[in-house]
Amino acid sequence: MLDPLPWPGLVSDGVATSAPAPESAPSVPVHPWHRLVGDPADADAWILLGAMPDQTGDRAALCHRRALVVDPTRELAWAHRAAGLTARGRHAEAVACNRVAVALWPDSPLASLNLTNTLYRAGDFDEELAVLARLVRLEPDNPVMRWGRSQIRLHRADYEGGFADYESRYWLPEYVYRLHRGPRWDGAPLDGKFIMVTLEQGFGDTLLMARYLPMLKALGARRVMVELRDELRRLFAGMEGVDAFIAENAAPTPLYHVHSSIMSLPLRFGTRFDSVPPPVRLAVPEEARAKAARLLGPDDGRLRVGVVWSGNAAFSSNAIRATTLDRFLRFLEVPGVAVYSLQKGPPEEELGRLPPGTPIVPLGPELEDFADTAAVVERLDLVIMTDSSVAHLAGSLGTPVWNLLQHVPYWVYGRSGTTTPWYPSMRLYRQGPDEDWEPVFEAALRDLRALAGRRAVLPRPGGSGA
């Protein structure tokens, strides 16, 4: 997943870090404190001080406020003040500060981009779309503007325009995936052609878009080859309509007539909000199913619930979408519920800090790849989690999954409602504008109590029924 913000964290395109040096002397950076000793009314020095690595939170905010006291017309001080407010979840104030910066800096695309970032975090898509439309007119060849617009259009279910703008990602500086040679598939009939589908973004994105892979044969493809990371190889091995999987960044690649990045498939198939294909049918290996049966043990009548509290920590926005294990501990108190951790990666360490005897079963160390995880997930009654790849896995398997979402989530989930057309078995729980997790978890706890209560008085069905 690429960061949805058009230009994440960017405030300024450069401020002098020292007073100008004489031409005959070497340029030596001057610390902002030294400048302020000589001139406490140096607004630029206050801005620079607030932007230094050791100035965070309240200290940085104080520096930016001092800069504005000294010179309320300094647009960069308003922009930095807005960035600090955004980081602390004070989005309405951040938007107001960036509006002042734009008014003081009307000819700067950068100031408007900063405004779009705060509007995105605030969820004010109407104003953000208007600002982005102006930026696209001013700089029609700038991919950053179209990328930002793609996120808004997709959130608003304008899939036709959103997926068209989404193609701008190839020209973003942070796009690090290999660009392959030869013609890109444009959606035309394949009529006996070999097509290679190439990898990009995260595991969740691959699971999301895998629904399109079997559809390529229906367009006449003679051979479908898919680039794939090893962690998904066993799970995808039996996928209908795919002739071969190749390793990530394989060299040389197999012969092909056309290629397509996997995230371009919705555009090429003309996907609309009302025509989203169902999730792909995953073939879970039998050896993984046998392992899952051993891990979960015999059915004791309790509701089996898996939990995940964090996605990939390397993703730039993970801190916003993820939370900590302690919020999930309330689910352990629900009678008739057995809780299993599916968490992988560094956040697993939180399990080791729980008191001995805490009734949560840590399965993460036993899950070697997505096939193992899928085999466990399909035996669970429910998964409760913050958004990450396991949500896409559970949704693809048809296992009920309660996805606990940040205020402005991934575009797949839109901006309102409890459902998504991409995963019929998924229920969405959303933060409000205050980005507070507590109401989200309390709503999930209430619903879990009700579900466990119904399970206690009804005969256990043959399959899951959350």
# chains A, B, ... in the order shown; residues from 1 in each chain; ligands from 1

$ select_by_dssp --residues "segment 406-441 of chain A" --states "strand (DSSP E)" --output "ChimeraX atom specification"
/A:426-430

$ residues_around --residues "Pro285 of chain A" --least-positions-apart "5" --cutoff "10 Å" --atoms "only C-alpha atoms" --output "number ranges by chain"
A: 234-238, 290, 371-372, 374-375

$ write_last_selection --atoms "C-alpha atoms" --output "mmCIF file, in the first residue's frame"
data_model
loop_
_atom_site.group_PDB
_atom_site.id
_atom_site.type_symbol
_atom_site.label_atom_id
_atom_site.label_comp_id
_atom_site.auth_asym_id
_atom_site.auth_seq_id
_atom_site.Cartn_x
_atom_site.Cartn_y
_atom_site.Cartn_z
ATOM 1 C CA ARG A 234 1.620 -21.865 -1.221
ATOM 2 C CA LEU A 235 -1.752 -20.138 -0.797
ATOM 3 C CA PHE A 236 -1.945 -19.065 -4.441
ATOM 4 C CA ALA A 237 -0.459 -22.263 -5.898
ATOM 5 C CA GLY A 238 -3.825 -23.841 -6.730
ATOM 6 C CA ALA A 290 -3.853 -30.364 9.245
ATOM 7 C CA ALA A 371 -1.214 -20.587 3.801
ATOM 8 C CA ASP A 372 -0.763 -21.392 7.492
ATOM 9 C CA ALA A 374 -5.451 -18.980 6.041
ATOM 10 C CA ALA A 375 -5.873 -22.501 7.399
#

$ atom_distance --atom1 "atom CA of Pro421 of chain A" --atom2 "atom CA of His392 of chain A"
12.5 Å

$ closest_residue --among "A:Glu139, A:Asp387, A:Glu200, A:Glu287" --to "Asn403 of chain A" --atoms "only C-alpha atoms"
A:Asp387

$ select_by_dssp --residues "segment 163-268 of chain A" --states "alpha helix (DSSP H)" --output "list of chain:residue names"
A:Phe163, A:Ala164, A:Asp165, A:Tyr166, A:Phe203, A:Gly204, A:Asp205, A:Thr206, A:Leu207, A:Leu208, A:Met209, A:Met215, A:Leu216, A:Lys217, A:Ala218, A:Asp230, A:Glu231, A:Leu232, A:Arg233, A:Arg234, A:Leu235, A:Phe236, A:Leu265, A:Pro266, A:Leu267, A:Arg268

$ residues_around --residues "Gly220 of chain A" --least-positions-apart "6" --cutoff "12 Å" --atoms "only C-alpha atoms" --output "list in words"
Gly187, Ala188, Pro189, Leu190, Asp191, Gly192, Lys193, Phe194, Ile195, Pro214 and Gly241 of chain A
